[in-house]
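File shown: final_37.cif. Contents: mmCIF, C-alpha atoms.
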```cif
data_start
loop_
_atom_site.label_atom_id
_atom_site.label_comp_id
_atom_site.auth_asym_id
_atom_site.auth_seq_id
_atom_site.Cartn_x
_atom_site.Cartn_y
_atom_site.Cartn_z
CA MET A 30 143.82 111.79 115.91
CA ASP A 31 143.70 113.21 112.37
CA LYS A 32 142.47 111.04 109.53
CA PRO A 33 144.33 111.13 106.18
CA ASP A 34 142.74 113.38 103.56
CA ALA A 35 142.62 110.48 101.10
CA LEU A 36 139.89 108.82 103.16
CA TYR A 37 137.45 111.67 102.77
CA SER A 38 136.16 113.74 99.90
CA LYS A 39 136.42 117.50 100.13
CA GLN A 40 133.95 119.94 98.69
CA VAL A 41 135.53 122.78 96.77
CA GLY A 42 133.66 125.69 95.29
CA VAL A 43 135.36 127.24 92.27
CA ARG A 44 134.39 129.28 89.24
CA LEU A 45 135.35 127.75 85.93
CA PRO A 46 136.43 129.85 82.97
CA GLY A 47 133.77 129.79 80.24
CA HIS A 48 135.79 127.66 77.82
CA LEU A 49 136.30 124.94 80.45
CA TYR A 50 132.65 125.05 81.50
CA ARG A 51 131.48 124.64 77.89
CA TRP A 52 133.98 121.81 77.30
CA LEU A 53 132.77 119.93 80.39
CA LYS A 54 129.13 120.65 79.59
CA GLU A 55 129.62 119.11 76.12
CA LYS A 56 130.95 115.96 77.79
CA VAL A 57 127.83 115.77 79.98
CA GLU A 58 125.54 116.38 77.00
CA ALA A 59 127.36 113.64 75.06
CA SER A 60 126.65 111.27 77.99
CA GLU A 61 130.35 110.87 78.73
CA TYR A 62 129.50 111.89 82.32
CA SER A 63 126.21 111.93 84.17
CA ASN A 64 126.56 115.47 85.54
CA MET A 65 128.92 118.43 85.78
CA ALA A 66 130.42 117.33 89.10
CA GLN A 67 131.32 113.95 87.64
CA SER A 68 132.84 115.58 84.56
CA VAL A 69 135.09 117.77 86.72
CA ILE A 70 136.14 114.81 88.86
CA GLY A 71 136.69 112.56 85.84
CA GLU A 72 138.78 115.04 83.89
CA LEU A 73 140.87 115.99 86.93
CA THR A 74 141.47 112.29 87.60
CA LYS A 75 142.60 111.78 83.99
CA ALA A 76 144.91 114.78 84.23
CA LYS A 77 146.43 113.48 87.47
CA ALA A 78 147.01 110.02 85.97
CA LEU A 79 148.65 111.56 82.90
CA GLU A 80 150.91 113.71 85.07
CA GLU A 81 151.93 110.65 87.10
CA ARG A 82 152.66 108.68 83.90
CA ARG A 83 154.83 111.50 82.57
CA ARG A 84 156.71 111.64 85.86
CA GLU A 85 157.30 107.87 85.73
CA GLU A 86 158.47 108.07 82.10
CA ARG A 87 161.05 110.68 83.04
CA SER A 88 162.37 108.40 85.78
CA TRP A 89 162.73 105.36 83.46
CA PRO A 90 166.30 104.72 82.40
CA SER A 91 166.89 105.26 78.71
CA GLY A 92 167.17 102.03 76.79
CA ALA A 93 165.16 100.12 79.38
CA TYR A 94 164.12 97.57 76.76
CA GLU A 95 167.52 97.06 75.15
CA VAL A 96 168.65 93.48 74.60
CA HIS A 97 171.95 92.51 76.18
CA GLU A 98 174.51 90.71 74.04
CA ASP A 99 174.08 87.38 75.84
CA GLN A 100 170.30 87.51 75.26
CA GLU A 101 170.31 88.34 71.55
CA SER A 102 169.98 84.70 70.51
CA ASP A 103 167.08 83.95 72.90
CA PRO A 104 163.89 84.10 70.75
CA LEU A 105 161.63 84.56 73.78
CA VAL A 106 163.58 87.59 74.99
CA SER A 107 163.56 89.06 71.48
CA MET A 108 159.81 88.52 71.14
CA LEU A 109 159.14 90.05 74.55
CA ASN A 110 161.29 93.09 73.80
CA ARG A 111 159.56 93.64 70.45
CA ARG A 112 156.16 93.46 72.14
CA LEU A 113 157.19 95.83 74.94
CA GLU A 114 158.50 98.31 72.40
CA ALA A 115 155.25 98.06 70.42
CA VAL A 116 153.17 98.70 73.55
CA ARG A 117 155.38 101.66 74.46
CA ARG A 118 154.89 103.15 70.98
CA GLU A 119 151.10 102.60 71.17
CA LEU A 120 150.94 104.36 74.53
CA LEU A 121 152.97 107.30 73.26
CA GLU A 122 150.73 107.58 70.18
CA GLU A 123 147.61 107.52 72.36
CA MET A 124 149.04 110.23 74.60
CA GLU A 125 149.81 112.34 71.53
CA LYS A 126 146.23 111.90 70.26
CA ARG A 127 144.80 112.95 73.63
CA ARG A 128 147.01 116.03 73.67
CA GLY A 129 145.69 116.93 70.24
CA GLY A 130 148.84 116.01 68.35
CA ARG A 131 151.09 118.39 70.27
CA PRO A 132 154.62 117.10 71.02
#
```
Can you turn what I pasted into structure tokens?
Amino acid sequence: MDKPDALYSKQVGVRLPGHLYRWLKEKVEASEYSNMAQSVIGELTKAKALEERRREERSWPSGAYEVHEDQESDPLVSMLNRRLEAVRRELLEEMEKRRGGRP
């Protein structure tokens, strides 16, 4: 019986382009990661999470936080919607910063 791949780690041997190696090495030297293997794993994990977030964002219906007419007078709903919109903007700004300001 085969075990799912997610239960086991796999060793992969690859050659990194020089610019990626130097970028990861700087992260290790800055104590962001303890070694090169951890820097590769960490940055790939971040990239995967970002890709999943982008995929989820594309699947969200537009106007997901819009207030319906019958809820406009409810102060709790208005407060919640304002806070959700603020969090959404903060997340988008953080993603922009991590991308280096690219749209």
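The interatomic distance for the pair atom CA of A:Ser63 and atom CA of A:Leu120 works out to 27.6 Å.
For the pair atom CA of A:Gly129 and atom CA of A:Lys75, the separation is 15.0 Å.
Computed from the coordinates, the atom CA of A:Lys54 to atom CA of A:Ala66 distance equals 10.2 Å.
With all atoms listed in the file as the atoms that count, the residue of A:Gly71, A:Arg83, A:Glu125, A:Met65 with the shortest distance to A:Leu45 is A:Met65.
Of the residues under consideration (A:Leu79, A:Leu105, A:Val43, A:Val69), A:Leu79 shows the shortest atom-to-atom contact distance to A:Glu123 when counting all atoms listed in the file.
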